[in-house]
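Here is the structure we will look at, set down as structure tokens.
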Amino acid sequence: MTRRDKPYDIVIVGAGVVGCAVARKLSRYRVRIAVVEKEPDVSMATSCRNSGVLHSGINYEPGTNRARLSVRGNAMMDALCEELKVPIRRIGKLTIALDERDLPLLYKQREQGFENGVPGMEIMNREEMRRIQPGVSGILGLWTPTSAVISPYGLTIALAGNAYANGAEFFLSCAVESVDVRGDGAFIVSAVRHGKRETLVASALVNSAGLHADEVSRMLGVGGKEIYACRGEYFVLDKRLDGSIGTLLYPVPRPKDPGLGIHLTPTVDGNILIGPSADYISGGDREDYATTAPVMETLRREGRRLLPSLVAGDYIRNFSGNRPKTTPPEKGGNADFVIDEPLPGFIRLQGIESPGLTSAPAIAEEVRDLIGARIPLYEKENFIASRGGFTERFAELSMETKVELARADPDYGETVCRCEGVTKREVRDAIENPLGARSLKGIKYRSRAMMGRCQGGFCLPRIARMLREDYGRDIFGYMN
Ligand SMILES: Cc1cc2nc3c(=O)[nH]c(=O)nc-3n(C[C@H](O)[C@H](O)[C@H](O)COP(=O)(O)OP(=O)(O)OC[C@H]3O[C@@H](n4cnc5c(N)ncnc54)[C@H](O)[C@@H]3O)c2cc1C
């Protein structure tokens with residue numbers, strides 16, 4: 001080891017929800033942890049590009065990692081979200097049989113749910129379904145009360161921040177390019193940050209590189225389980241429609257479908273998502289997050305069918321996210337998460353497609369157990385379980401509290417984002433994030449500025465001015 005090599009017990013590649021959940025879990029112990037992420041912030045890939053649903057576990061074949069870890073992950077979320085002050089809404093889900101042909105599939109879901117240990121399931125007839133969601137169509141439904149919604153990037157940012165507060169180091173804008181195994185079994189991780197090489201040495205290596213996990217595995221000569229990117233496109237609807245649907249409404253999934261079908265998802269922040277589609281990407285760029293005219297047209301049509309009060313002005317933006325599948329296009333469907341240790345100390349988390357968000361805390365427990373069999377894990381006495389600081393949204397506070405806060409800090413008295421009611425203080429907190437991340441998306445996800453109806457038309461120039469005048473930084477350094 002040279003003097004410039006950085007020694008760690010564990011290096012985690014990838015700061016999505018899975019890598020950050022692992023970092024947070026391991027930061028409970030007396031170990032040195034590094035998280036290496038090629039993007040300028042955490043949660044910039046699949047973990048910010050999904051439906052944000054905590055699945056109950058009815059969809060997955062009994063005995064699989066997806067079944068076991070989604071049920072366990074879902075059950076862990078209330079306590080985790082309370083500790084990390086992340087909003088979660090347990091709004092439940094109706095999986096709906098539209099006609100007689102769907103009935104065997106609906107009953108199969110219930111059977112799977114029983115075997116997987118999903119709590120509180122109920123079969124409902126049309127009247128019972130309509131008591132939960134007025135006007136819903138379909139002949140029979142399966143109600144799962146543990147289904148919930150959460151902000152996927154909110155959770156990831158909170159996990160990362162708490163791991164950081166507990167000593168995990170984050171190397172952002174730092175792409176892992178090669179990994180070698182030294183004679184004594186240590187991993188030599190070679191990465192590039194702003195044109196400079198970083199070498200990190202670790203006893204254990206966790207590969208949570210999402211869409212690129214197979215490439216990272218191949219750096220160690222571990223082949224197989226190739227990743228195929230399968231794009232899901234969405235529309236985001238205006239908050240005007242908040243409250244139009246009070247629960248998650250999904251069609252019964254058909255066996256060969258690579259996703260769960262196009263549906264409406266109310267978000268934890270009060271928007272509604274229409275989507276996602278499911279189309280394998282044919283070119284080589286797994287991070288091609290385009291949205292396409294034919295899919296947008298389908299989503300508009302489906303949106304009008306599912307929510308007849310929709311008007312053109314309700315569509316405020318679109319986006320897409322790519323599933324890291326290990327099933328090729330000609331096969332379709334879904335394969336199980338790959339969670340194994342193909343080399344001593346090398347933990348491979350590959351093909352973590354849906355329900356990876358739901359399962360993340362449970363995956364982190366498994367990784368802790370695998371690493372614990374190799375490295376002694378002693379709990380820290382001073383582990384900080386709760387996220388510190390002020391995490392509530394100013395716009396949601398009572399007038400009394402708002403006035404009190406603005407008196408104490410005038411930056412609370414200045415609105416930067418009109419649509420979402422985000423104050424200058426909240427944008428400053430996002431800019432001054434503990435990880436030192438510099439990205440507009442990071443400011444957006446941390447404060448919700450630029451996420452409203454005008455999509456930054458009003459607040460972006462103000463944020464640019466804040467960066468220039470208050471921090472001496474150029475907004476172009478934040479564009480990514
Ligand atoms: C359309 C869609 C809808 C979904 N809906 C849901 C849902 O409702 N509920 C649910 O539970 N799950 C859902 N999922 C699945 C869920 O989003 C993923 O399982 C989860 O986000 C995966 O997290 P991750 O941390 O493994 O991957 P990512 O978030 O992709 O993180 C991997 C990170 O590794 C980094 N990286 C890659 N290569 C390198 C390298 N060489 N060096 C350094 N860093 C690297 C990437 O930049 C990235 O930040 C959905 C997925 C999609 C696409």
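By convention here, the chains of the structure tokens are called A, B, ... in the order presented, each chain's residues are numbered starting at 1, and ligands are numbered starting at 1 in the order presented.
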Original post:
Counting only C-alpha atoms, what is within 9 Å of Ala290 (chain A), bar same-chain residues fewer than 3 positions away, as a ChimeraX atom specification?
Top reply: /A:231,233,287,319-321
Those same residues - C-alpha atoms - I'd like them written as a PDB file, in the first residue's frame.
ATOM      1  CA  ARG A 231     -37.108   1.612 -19.501  1.00  0.00           C
ATOM      2  CA  GLU A 233     -41.645   6.153 -18.713  1.00  0.00           C
ATOM      3  CA  GLU A 287     -28.583   5.303 -18.889  1.00  0.00           C
ATOM      4  CA  PHE A 319     -39.321  11.247 -16.917  1.00  0.00           C
ATOM      5  CA  SER A 320     -38.065   7.711 -17.228  1.00  0.00           C
ATOM      6  CA  GLY A 321     -36.135   5.160 -15.170  1.00  0.00           C
TER       7      GLY A 321
END
Interface rows for region 52-128 of chain A against region 159-165 of chain A: nearest pair, Å to one decimal, 10 Å, only C-alpha atoms, as a tab-separated table:
residue	atom	partner	partner_atom	distance
A:Leu80	CA	A:Leu159	CA	9.3
A:Cys81	CA	A:Leu159	CA	9.6
A:Glu83	CA	A:Asn162	CA	9.7
A:Leu84	CA	A:Leu159	CA	7.3
A:Val86	CA	A:Leu159	CA	9.7
Original post:
Hey, which residues come within 7 Å of ligand 1 if we count only C-alpha atoms and all ligand atoms? Could you give them as JSON, numbers by chain?
Top reply: {"A": [13, 14, 15, 16, 17, 18, 19, 36, 37, 38, 39, 42, 43, 44, 45, 46, 47, 48, 49, 50, 51, 52, 53, 54, 55, 174, 175, 176, 177, 208, 209, 210, 211, 212, 213, 216, 231, 232, 233, 276, 320, 321, 322, 323, 352, 353, 354, 355, 356, 357, 358, 359]}
**OP:** Find the residues near Leu273 (chain A): any atom within 12 Å, counting only C-alpha atoms, skip ones fewer than 3 places away on the same chain, and give them as a PyMOL selection string.
**Re:** chain A and resi 49-53+149+232-239+241-242+245+248-249+262-270+276-277+299-300+302-303+306-307+314-320
**OP:** In Å, rounded to a single decimal, give me how far CA of Thr423 (chain A) is from CA of Gly442 (chain A).
**Re:** 15.9 Å
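Those residues of region 269-324 of chain A that DSSP, working from the backbone, places in strand (DSSP E or B) are Ile272, Leu273, Ile274, Gly275, Asp279, Tyr280, Tyr315, Ile316, Arg317, Asn318, Phe319, Ser320, Gly321, Asn322, Arg323 and Pro324 of chain A.
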Produce a file of the selected residues containing N, CA and C atoms, as a PDB file, in the first residue's frame.
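Written file, part.pdb:
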ATOM      1  N   ILE A 272     -49.532  12.962  -8.852  1.00  0.00           N
ATOM      2  CA  ILE A 272     -49.905  11.599  -9.279  1.00  0.00           C
ATOM      3  C   ILE A 272     -48.988  11.243 -10.442  1.00  0.00           C
ATOM      4  N   LEU A 273     -48.509   9.999 -10.462  1.00  0.00           N
ATOM      5  CA  LEU A 273     -47.704   9.524 -11.590  1.00  0.00           C
ATOM      6  C   LEU A 273     -48.575   8.632 -12.462  1.00  0.00           C
ATOM      7  N   ILE A 274     -48.431   8.778 -13.794  1.00  0.00           N
ATOM      8  CA  ILE A 274     -49.022   7.784 -14.706  1.00  0.00           C
ATOM      9  C   ILE A 274     -47.863   7.012 -15.301  1.00  0.00           C
ATOM     10  N   GLY A 275     -47.897   5.709 -15.236  1.00  0.00           N
ATOM     11  CA  GLY A 275     -46.820   4.896 -15.782  1.00  0.00           C
ATOM     12  C   GLY A 275     -46.626   3.693 -14.882  1.00  0.00           C
ATOM     13  N   ASP A 279     -40.153  -1.097 -21.641  1.00  0.00           N
ATOM     14  CA  ASP A 279     -39.579  -1.391 -22.960  1.00  0.00           C
ATOM     15  C   ASP A 279     -38.067  -1.525 -22.824  1.00  0.00           C
ATOM     16  N   TYR A 280     -37.552  -2.663 -23.264  1.00  0.00           N
ATOM     17  CA  TYR A 280     -36.101  -2.852 -23.221  1.00  0.00           C
ATOM     18  C   TYR A 280     -35.427  -1.817 -24.125  1.00  0.00           C
ATOM     19  N   TYR A 315     -50.567  17.798 -17.070  1.00  0.00           N
ATOM     20  CA  TYR A 315     -49.294  17.078 -17.252  1.00  0.00           C
ATOM     21  C   TYR A 315     -48.166  18.071 -17.027  1.00  0.00           C
ATOM     22  N   ILE A 316     -47.407  17.957 -15.919  1.00  0.00           N
ATOM     23  CA  ILE A 316     -46.391  18.987 -15.692  1.00  0.00           C
ATOM     24  C   ILE A 316     -44.998  18.566 -16.138  1.00  0.00           C
ATOM     25  N   ARG A 317     -44.709  17.294 -16.188  1.00  0.00           N
ATOM     26  CA  ARG A 317     -43.416  16.867 -16.753  1.00  0.00           C
ATOM     27  C   ARG A 317     -43.444  15.364 -16.987  1.00  0.00           C
ATOM     28  N   ASN A 318     -42.415  14.875 -17.672  1.00  0.00           N
ATOM     29  CA  ASN A 318     -42.282  13.429 -17.836  1.00  0.00           C
ATOM     30  C   ASN A 318     -40.856  13.023 -17.467  1.00  0.00           C
ATOM     31  N   PHE A 319     -40.674  11.758 -17.214  1.00  0.00           N
ATOM     32  CA  PHE A 319     -39.321  11.247 -16.917  1.00  0.00           C
ATOM     33  C   PHE A 319     -39.322   9.741 -17.145  1.00  0.00           C
ATOM     34  N   SER A 320     -38.130   9.173 -17.120  1.00  0.00           N
ATOM     35  CA  SER A 320     -38.065   7.711 -17.228  1.00  0.00           C
ATOM     36  C   SER A 320     -37.005   7.158 -16.288  1.00  0.00           C
ATOM     37  N   GLY A 321     -37.128   5.870 -15.990  1.00  0.00           N
ATOM     38  CA  GLY A 321     -36.135   5.160 -15.170  1.00  0.00           C
ATOM     39  C   GLY A 321     -35.912   3.797 -15.797  1.00  0.00           C
ATOM     40  N   ASN A 322     -34.694   3.276 -15.643  1.00  0.00           N
ATOM     41  CA  ASN A 322     -34.365   2.015 -16.309  1.00  0.00           C
ATOM     42  C   ASN A 322     -34.150   0.885 -15.309  1.00  0.00           C
ATOM     43  N   ARG A 323     -34.887  -0.200 -15.512  1.00  0.00           N
ATOM     44  CA  ARG A 323     -34.785  -1.347 -14.597  1.00  0.00           C
ATOM     45  C   ARG A 323     -33.522  -2.152 -14.935  1.00  0.00           C
ATOM     46  N   PRO A 324     -32.710  -2.494 -13.947  1.00  0.00           N
ATOM     47  CA  PRO A 324     -31.523  -3.314 -14.222  1.00  0.00           C
ATOM     48  C   PRO A 324     -31.895  -4.800 -14.218  1.00  0.00           C
TER      49      PRO A 324
END
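For the set A:Arg130, A:Arg66, A:Lys85, A:Arg32, the residue with the smallest atom-to-atom gap to Ala202 (chain A) is A:Arg32, counting only C-alpha atoms.
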Using only C-alpha atoms, which residues of region 366-467 of chain A come within 12 Å of region 71-79 of chain A, and what is the closest atom pair for each, with the distance in Å to one decimal? Give it as a tab-separated table, sorted by chain and residue number.
residue	atom	partner	partner_atom	distance
A:Glu366	CA	A:Arg72	CA	11.1
A:Ala385	CA	A:Ala79	CA	10.6
A:Ser386	CA	A:Ala79	CA	10.5
Restricted to N, CA and C atoms, what would the selected residues look like written as a CSV table (one decimal), in the first residue's frame?
chain,number,residue,atom,x,y,z
A,366,GLU,N,-28.9,-8.3,5.1
A,366,GLU,CA,-28.2,-9.5,4.5
A,366,GLU,C,-26.8,-9.3,4.3
A,385,ALA,N,-28.8,7.2,15.7
A,385,ALA,CA,-29.9,6.5,14.9
A,385,ALA,C,-30.8,7.5,14.2
A,386,SER,N,-31.0,8.7,14.8
A,386,SER,CA,-31.9,9.6,14.2
A,386,SER,C,-31.2,10.7,13.4
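Computed from the coordinates, the CA of Arg425 (chain A) to CA of Ile88 (chain A) distance equals 23.9 Å.
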Original post:
So what do you get for CA of Tyr8 (chain A) versus CA of Leu370 (chain A), distance-wise?
Top reply: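 These two atoms are separated by 17.0 Å.
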**OP:** Could you tell me which of A:Ala34, A:Leu69, A:Leu397, A:Met451 comes closest to Glu420 (chain A) if we count only C-alpha atoms?
**Re:**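 So, comparing all the options, the nearest one is A:Met451.
Using only C-alpha atoms, the nearest neighbour of Ile431 (chain A) within the list A:Ala204, A:Ile375, A:Ala186, A:Ile443 is A:Ile443.
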Original post:
Of the candidates A:Ala158, A:Ala449, A:Ile123, A:Ala408, which shows the shortest atom-to-atom distance to Leu435 (chain A), using only C-alpha atoms?
Top reply: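 Of the candidates, the smallest distance to Leu435 (chain A) is held by A:Ala158.
For the residues A:Asn116, A:Ser137, A:Thr156, A:Ser147, ranking by smallest atom-to-atom distance to Ala360 (chain A) using only C-alpha atoms places A:Thr156 first.
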**OP:** Write out as a list in words which residues come within 12 Å of Arg462 (chain A) when counting only C-alpha atoms, dropping same-chain ones fewer than 2 positions away.
**Re:**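 My list of contacting residues is Glu414, Thr415, Val416, Cys417, Arg418, Val422, Thr423, Lys424, Val427, Arg428, Ala449, Met450, Gly456, Gly457, Phe458, Cys459, Leu460, Ala464, Arg465, Met466, Leu467, Arg468, Glu469, Asp470 and Ile475 of chain A.
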Give me a file of those residues, with N, CA and C atoms, as a short mmCIF file (atom, residue, chain, number, x, y, z; two decimals), in the first residue's frame.
data_model
loop_
_atom_site.label_atom_id
_atom_site.label_comp_id
_atom_site.auth_asym_id
_atom_site.auth_seq_id
_atom_site.Cartn_x
_atom_site.Cartn_y
_atom_site.Cartn_z
N GLU A 414 -38.13 34.39 3.08
CA GLU A 414 -38.01 34.67 1.64
C GLU A 414 -38.33 33.40 0.83
N THR A 415 -39.33 33.50 -0.04
CA THR A 415 -39.71 32.33 -0.84
C THR A 415 -38.88 32.30 -2.12
N VAL A 416 -38.26 31.17 -2.38
CA VAL A 416 -37.47 31.01 -3.61
C VAL A 416 -38.32 30.30 -4.66
N CYS A 417 -39.01 29.24 -4.26
CA CYS A 417 -39.85 28.48 -5.21
C CYS A 417 -41.31 28.71 -4.84
N ARG A 418 -42.01 29.42 -5.72
CA ARG A 418 -43.40 29.77 -5.41
C ARG A 418 -44.32 28.56 -5.48
N VAL A 422 -41.03 26.87 -1.28
CA VAL A 422 -39.73 26.55 -0.68
C VAL A 422 -39.00 27.85 -0.34
N THR A 423 -38.47 27.93 0.87
CA THR A 423 -37.82 29.16 1.32
C THR A 423 -36.33 29.16 0.99
N LYS A 424 -35.76 30.37 1.11
CA LYS A 424 -34.32 30.50 0.86
C LYS A 424 -33.53 29.63 1.85
N VAL A 427 -33.39 26.10 0.58
CA VAL A 427 -32.48 25.95 -0.56
C VAL A 427 -31.03 26.03 -0.07
N ARG A 428 -30.77 26.93 0.88
CA ARG A 428 -29.40 27.02 1.44
C ARG A 428 -29.01 25.69 2.08
N ALA A 449 -37.48 22.63 -4.44
CA ALA A 449 -37.49 23.76 -5.38
C ALA A 449 -37.37 23.18 -6.79
N MET A 450 -37.99 23.79 -7.77
CA MET A 450 -37.97 23.38 -9.18
C MET A 450 -38.84 22.15 -9.45
N GLY A 456 -39.25 25.13 -12.35
CA GLY A 456 -38.02 25.93 -12.22
C GLY A 456 -38.04 27.25 -12.94
N GLY A 457 -39.11 27.52 -13.72
CA GLY A 457 -39.19 28.77 -14.48
C GLY A 457 -39.00 29.98 -13.57
N PHE A 458 -39.59 29.93 -12.38
CA PHE A 458 -39.49 31.06 -11.44
C PHE A 458 -38.22 30.97 -10.59
N CYS A 459 -37.94 29.78 -10.04
CA CYS A 459 -36.90 29.72 -9.00
C CYS A 459 -35.50 29.46 -9.53
N LEU A 460 -35.36 28.89 -10.72
CA LEU A 460 -34.01 28.57 -11.20
C LEU A 460 -33.12 29.82 -11.28
N ALA A 464 -29.68 30.33 -9.21
CA ALA A 464 -28.42 30.67 -9.88
C ALA A 464 -27.79 31.89 -9.21
N ARG A 465 -28.65 32.88 -8.88
CA ARG A 465 -28.13 34.10 -8.25
C ARG A 465 -27.59 33.79 -6.84
N MET A 466 -28.32 32.96 -6.09
CA MET A 466 -27.83 32.58 -4.75
C MET A 466 -26.47 31.92 -4.85
N LEU A 467 -26.35 30.99 -5.82
CA LEU A 467 -25.07 30.27 -5.95
C LEU A 467 -23.95 31.26 -6.24
N ARG A 468 -24.25 32.21 -7.12
CA ARG A 468 -23.21 33.18 -7.53
C ARG A 468 -22.90 34.13 -6.38
N GLU A 469 -23.94 34.76 -5.82
CA GLU A 469 -23.71 35.84 -4.86
C GLU A 469 -23.36 35.35 -3.46
N ASP A 470 -24.01 34.27 -3.02
CA ASP A 470 -23.79 33.82 -1.63
C ASP A 470 -22.67 32.79 -1.51
N ILE A 475 -23.53 28.34 -11.73
CA ILE A 475 -24.58 27.32 -11.87
C ILE A 475 -24.18 26.20 -12.83
#
Subject >> Using only C-alpha atoms: which of A:Glu400, A:Glu379, A:Asp41, A:Asp411 has the shortest distance to Phe170 (chain A) >> reply: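 Looking only at the distances to Phe170 (chain A), the closest residue turns out to be A:Asp41.
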Original post:
Got a sec to tell me which of region 145-221 of chain A DSSP assigns to alpha helix (DSSP H), as a PyMOL selection string?
Top reply: chain A and resi 152-165+213-219
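Residues lying within 8 Å of Met129 (chain A), counting only C-alpha atoms and ignoring same-chain neighbours fewer than 6 positions away, are A:Leu94, A:Val136, A:Leu140, A:Gly141.
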**OP:** Compile the contact shell of Arg446 (chain A) as an MDAnalysis selection string: residues with an atom at most 9 Å away, counting only C-alpha atoms, same-chain residues fewer than 6 positions apart removed.
**Re:** chainID A and resid 153:154 157 426:427 429:431 433
Based on the selection just made, write N, CA and C atoms of those residues as a PDB file, in the first residue's frame.
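Written out: result07.pdb:
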ATOM      1  N   TYR A 153     -36.011   9.230  -3.489  1.00  0.00           N
ATOM      2  CA  TYR A 153     -34.761   9.988  -3.326  1.00  0.00           C
ATOM      3  C   TYR A 153     -34.677  10.565  -1.910  1.00  0.00           C
ATOM      4  N   GLY A 154     -35.849  10.909  -1.319  1.00  0.00           N
ATOM      5  CA  GLY A 154     -35.854  11.404   0.063  1.00  0.00           C
ATOM      6  C   GLY A 154     -35.272  10.351   1.004  1.00  0.00           C
ATOM      7  N   ILE A 157     -31.390   9.972   0.277  1.00  0.00           N
ATOM      8  CA  ILE A 157     -30.627  11.111   0.823  1.00  0.00           C
ATOM      9  C   ILE A 157     -30.538  10.987   2.349  1.00  0.00           C
ATOM     10  N   GLU A 426     -34.339  26.764   3.108  1.00  0.00           N
ATOM     11  CA  GLU A 426     -34.368  25.355   2.689  1.00  0.00           C
ATOM     12  C   GLU A 426     -33.439  25.117   1.495  1.00  0.00           C
ATOM     13  N   VAL A 427     -33.390  26.102   0.583  1.00  0.00           N
ATOM     14  CA  VAL A 427     -32.482  25.949  -0.564  1.00  0.00           C
ATOM     15  C   VAL A 427     -31.031  26.030  -0.068  1.00  0.00           C
ATOM     16  N   ASP A 429     -29.930  25.108   2.853  1.00  0.00           N
ATOM     17  CA  ASP A 429     -29.619  23.819   3.496  1.00  0.00           C
ATOM     18  C   ASP A 429     -29.294  22.758   2.447  1.00  0.00           C
ATOM     19  N   ALA A 430     -30.025  22.809   1.326  1.00  0.00           N
ATOM     20  CA  ALA A 430     -29.763  21.830   0.257  1.00  0.00           C
ATOM     21  C   ALA A 430     -28.394  22.077  -0.374  1.00  0.00           C
ATOM     22  N   ILE A 431     -28.050  23.344  -0.591  1.00  0.00           N
ATOM     23  CA  ILE A 431     -26.740  23.661  -1.183  1.00  0.00           C
ATOM     24  C   ILE A 431     -25.621  23.260  -0.214  1.00  0.00           C
ATOM     25  N   ASN A 433     -25.468  20.822   1.773  1.00  0.00           N
ATOM     26  CA  ASN A 433     -25.714  19.436   2.224  1.00  0.00           C
ATOM     27  C   ASN A 433     -24.431  18.821   2.780  1.00  0.00           C
TER      28      ASN A 433
END
